[in-house]
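Have a look at the structure below before the remarks.
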Amino acid sequence: MNGCDRSGLMTVEEALEKLLAAAQPLSDTETVSLMQALGRVLAADQQSPVDVPPADNSAMDGFALRFADCHAGEETTLPISQRIPAGAVPEPLQPGSAARIFTGAEVPPGADTVVMQEQCRWDDAQVTLAANIKPGTNIRPIGQDIHRGATVLVRGHRLKPQDLGLLASVGIAEVPVYRRLKVALLCTGDELVEPGEPLPPGHIYNSNRFTLMGQLQALGFDYVDLGRVADTPEATEQVLRRAAAEADCIISSGGVSVGDEDHVKGCVEKLGSLDLWRMAIKPGKPLAFGQVQGTPFIGLPGNPASVFVTFAIAARPYLLKSQGASDYLPTPIPVIAGFSRPHAAKRQEYLRARLVQDTQGNVRAQLAGSQSSGVLSSVSQGNGFVVHRLGESIDEGNAVPYLSFSDLLF
Ligand code: AMP
Ligand code: MG
């Protein structure tokens, strides 16, 4: 397959394929308690040691009985032979009687039906049931949710809050997970100053450091923040050596073009190897991938919006696969475009968009502001990307693929 279009740019799909082919999932594991397991990646399939629920239990407050004891088409009165609150162990049901039962309580052996209390009149001694009782109702059967021995989650799964609940529901208190992938983060540029410092002439604040740190944290990675790096070969080489020694992967921003002040390419090549890709992505385009003394290296562009996009689209799947996760590619969902755009001739565009409900209740994707690669406010105001596919136009009212930021930040 040739993923390059006529302008010699590499398509996003081909760049992703190359990145993912190079990603080596780490193999070190550790055991963590469920309390610490949110966002971690399971290192082994998890089987349930129990049935959930562990026994037939009542879905209602009411009366448990044998359906055969009811009179067809008329009211039935039965003596109450026992009371079963949740947590109690019931006696077998005496034939010809009913048991008072509460939601979640185990159904007594011999009973096959629970009648909800709204269909009953009762006193301490007996209960009268309505005429239209249906057999087998209001019982949650043993194993309705999970059967003993069933695989509840598989290796490579990233644990969400509901997964922690699921594991707890089968009695699992700790799980084997891959150790956290450690990512070294560096931002190149003589023009950068840190927020909180005064802004001297000719400088800008270092925003990429915080965008990337946030993305790494949101995805559950460990990281080493190496701060900003001056645009000199010496400073760049020094920080790259440290990054290679301390981390599983290095991510940098800026300095990957081929200008006089772009030293990343030369230094990475000196210490390892580097491919500079011109990706057919907007915002974005330059993306560097290689290794520094054997540690994988991803060089993102410098522009703040390009950083967010290239991290989310290219670096995220690579890092998640390296972390051992199996669900590393986001699923685009079709949404209706509330705007039109001409044919995307050269680059696939990731448009910062918002899903907005109109007065008729229809949801449409609207552009979230300027799409310039330097503009971060529209990334902040957006809640996802509309993918403007290479070679296609967008017509208002048509379906377009949408990638939610909440998916890309998990
Ligand atoms: P570069 O690829 O180094 O030429 O950077 C491209 C553009 O992104 C320039 O306008 C830089 O000033 C800007 N830029 C680079 N790094 C950062 C950063 N960490 N925070 C904000 N803007 C940056
Ligand atoms: Mg620069």
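Ordering of the structure tokens sets the chain letters (A, B, ...); residue numbers start at 1 within each chain; ligands are numbered from 1 in the order shown.
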
Set the distance at 9 Å and use only C-alpha atoms: which residues neighbour A:Leu216 once local chain neighbours fewer than 4 positions away are removed? I'd like the list as a PyMOL selection string.
chain A and resi 183+211-212+220-223+316+409

Compile the contact shell of A:Ala244 as an MDAnalysis selection string: residues with an atom at most 12 Å away, counting only C-alpha atoms, same-chain residues fewer than 5 positions apart removed.
chainID A and resid 182:186 224 226 237:239 249:251 268 271:272 290:297

Report as a PyMOL selection string which protein, DNA and RNA residues come within 7 Å of ligand 2, using only C-alpha atoms and all ligand atoms.
chain A and resi 188-189+254-255+261-262+302

Selection to disk with all heavy atoms, as a JSON list (two decimals), in the first residue's frame:
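Listing of again.json after writing:
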```json
[["chain", "number", "residue", "atom", "x", "y", "z"],
["A", 188, "THR", "N", 11.20, 22.37, 23.39],
["A", 188, "THR", "CA", 12.34, 23.15, 22.90],
["A", 188, "THR", "C", 11.89, 24.57, 22.55],
["A", 188, "THR", "O", 10.76, 24.78, 22.13],
["A", 188, "THR", "CB", 12.94, 22.52, 21.64],
["A", 188, "THR", "OG1", 12.02, 22.69, 20.55],
["A", 188, "THR", "CG2", 13.23, 21.04, 21.84],
["A", 189, "GLY", "N", 12.78, 25.51, 22.70],
["A", 189, "GLY", "CA", 12.52, 26.88, 22.24],
["A", 189, "GLY", "C", 13.12, 27.93, 23.14],
["A", 189, "GLY", "O", 12.80, 28.00, 24.33],
["A", 254, "GLY", "N", 8.33, 21.05, 19.32],
["A", 254, "GLY", "CA", 9.10, 22.09, 18.63],
["A", 254, "GLY", "C", 10.45, 21.59, 18.16],
["A", 254, "GLY", "O", 10.89, 20.49, 18.50],
["A", 255, "GLY", "N", 11.06, 22.40, 17.33],
["A", 255, "GLY", "CA", 12.44, 22.13, 16.92],
["A", 255, "GLY", "C", 12.63, 20.98, 15.97],
["A", 255, "GLY", "O", 13.76, 20.53, 15.75],
["A", 261, "GLU", "N", 17.53, 26.87, 13.77],
["A", 261, "GLU", "CA", 17.35, 26.79, 15.21],
["A", 261, "GLU", "C", 16.71, 25.47, 15.64],
["A", 261, "GLU", "O", 16.35, 25.30, 16.79],
["A", 261, "GLU", "CB", 16.47, 27.96, 15.70],
["A", 261, "GLU", "CG", 17.06, 29.34, 15.45],
["A", 261, "GLU", "CD", 18.38, 29.54, 16.20],
["A", 261, "GLU", "OE1", 18.50, 29.03, 17.32],
["A", 261, "GLU", "OE2", 19.28, 30.20, 15.65],
["A", 262, "ASP", "N", 16.53, 24.57, 14.69],
["A", 262, "ASP", "CA", 15.90, 23.29, 15.01],
["A", 262, "ASP", "C", 16.98, 22.23, 15.19],
["A", 262, "ASP", "O", 17.52, 21.70, 14.23],
["A", 262, "ASP", "CB", 14.92, 22.90, 13.90],
["A", 262, "ASP", "CG", 13.77, 23.89, 13.79],
["A", 262, "ASP", "OD1", 13.33, 24.39, 14.84],
["A", 262, "ASP", "OD2", 13.33, 24.18, 12.67],
["A", 302, "GLY", "N", 5.73, 22.33, 17.04],
["A", 302, "GLY", "CA", 5.78, 23.29, 18.13],
["A", 302, "GLY", "C", 4.47, 24.04, 18.36],
["A", 302, "GLY", "O", 4.15, 24.43, 19.49]]
```

Distance limit 7 Å, reference ligand 1, atoms considered: only C-alpha atoms and all ligand atoms. Which residues make the cut? Give them as a PyMOL selection string.
chain A and resi 187-189+191-192+204-209+253-257+262+301-304+374

Just-selected residues, C-alpha atoms written as a compact mmCIF listing (two decimals), in the first residue's frame:
```txt
# COMPACT_ATOMS: atom_id res chain seq x y z
CA CYS A 187 9.78 21.48 25.14
CA THR A 188 12.34 23.15 22.90
CA GLY A 189 12.52 26.88 22.24
CA GLU A 191 11.44 31.95 23.19
CA LEU A 192 9.73 30.03 25.99
CA ILE A 204 5.96 33.54 24.74
CA TYR A 205 4.67 31.37 27.54
CA ASN A 206 5.37 27.66 27.39
CA SER A 207 1.91 26.20 26.91
CA ASN A 208 2.84 22.87 25.29
CA ARG A 209 4.41 21.64 28.49
CA SER A 253 7.65 19.68 21.15
CA GLY A 254 9.10 22.09 18.63
CA GLY A 255 12.44 22.13 16.92
CA VAL A 256 11.71 19.32 14.46
CA SER A 257 11.59 21.46 11.34
CA ASP A 262 15.90 23.29 15.01
CA PRO A 301 5.53 20.08 16.10
CA GLY A 302 5.78 23.29 18.13
CA ASN A 303 2.49 25.04 17.43
CA PRO A 304 0.14 24.63 20.39
CA GLY A 374 -1.30 28.50 16.78
```

When DSSP is applied to the backbone of this structure, which of stretch 15-230 of chain A are assigned helix (DSSP H, G or I)? Write them out as a ChimeraX atom specification.
/A:15-22,34-36,67-69,117-119,161-169,208-218

DSSP on the backbone, then: every residue of stretch 139-354 of chain A marked strand (DSSP E), written as a ChimeraX atom specification.
/A:139-140,151-153,174-178,182-188,192-193,204-205,222-229,249-253,272-278,281-282,286-292,295-300,333-337,348-354

Taking only C-alpha atoms into account, name the residue in A:Arg83, A:Arg148, A:Arg121, A:Lys321 that is nearest to A:Ser27.
A:Lys321

Stretch 277-285 of chain A surroundings by only C-alpha atoms, 9 Å radius, close-in-sequence under 4 positions cut, as a PyMOL selection string:
chain A and resi 4-5+8-12+14-15+289+300-303+305-307+309-310+346-351+371-374+390

With stretch 125-130 of chain A as the partner and 6 Å as the cut-off, tabulate the residues of stretch 59-111 of chain A that qualify, each row holding the nearest pair of atoms and their distance in Å to one decimal, using only C-alpha atoms, sorted by chain and rising number, as a Markdown table.
```
| residue | atom | partner | partner_atom | distance |
| --- | --- | --- | --- | --- |
| A:Glu75 | CA | A:Ala130 | CA | 5.0 |
| A:Thr76 | CA | A:Leu129 | CA | 5.3 |
| A:Thr77 | CA | A:Thr128 | CA | 4.2 |
| A:Leu78 | CA | A:Val127 | CA | 5.5 |
| A:Pro79 | CA | A:Gln126 | CA | 4.2 |
| A:Ile80 | CA | A:Gln126 | CA | 5.0 |
```

Go ahead and save the residues from that selection, with C-alpha atoms, as a short mmCIF file (atom, residue, chain, number, x, y, z; two decimals), in the first residue's frame.
```cif
data_model
loop_
_atom_site.label_atom_id
_atom_site.label_comp_id
_atom_site.auth_asym_id
_atom_site.auth_seq_id
_atom_site.Cartn_x
_atom_site.Cartn_y
_atom_site.Cartn_z
CA GLU A 75 -57.46 -14.20 44.90
CA THR A 76 -55.44 -16.60 47.06
CA THR A 77 -54.84 -16.36 50.79
CA LEU A 78 -51.77 -18.10 52.25
CA PRO A 79 -50.28 -18.19 55.76
CA ILE A 80 -46.94 -16.34 56.17
#
```

Selection near A:Ser322, 7 Å with only C-alpha atoms, sequence-local residues under 6 positions removed, as JSON, numbers by chain
{"A": [23, 24, 25, 26]}

Residue subset to file, keeping C-alpha atoms, as a PDB file, in the first residue's frame:
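What follows is the written file out10.pdb:
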```
ATOM      1  CA  ALA A  23       5.357   0.016  19.413  1.00  0.00           C
ATOM      2  CA  GLN A  24       6.709  -2.694  21.764  1.00  0.00           C
ATOM      3  CA  PRO A  25       4.252  -3.359  24.581  1.00  0.00           C
ATOM      4  CA  LEU A  26       6.088  -3.453  27.890  1.00  0.00           C
TER       5      LEU A  26
END
```

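Between atom CA of A:Leu276 and atom CA of A:Ala345 lies a distance of 21.8 Å.
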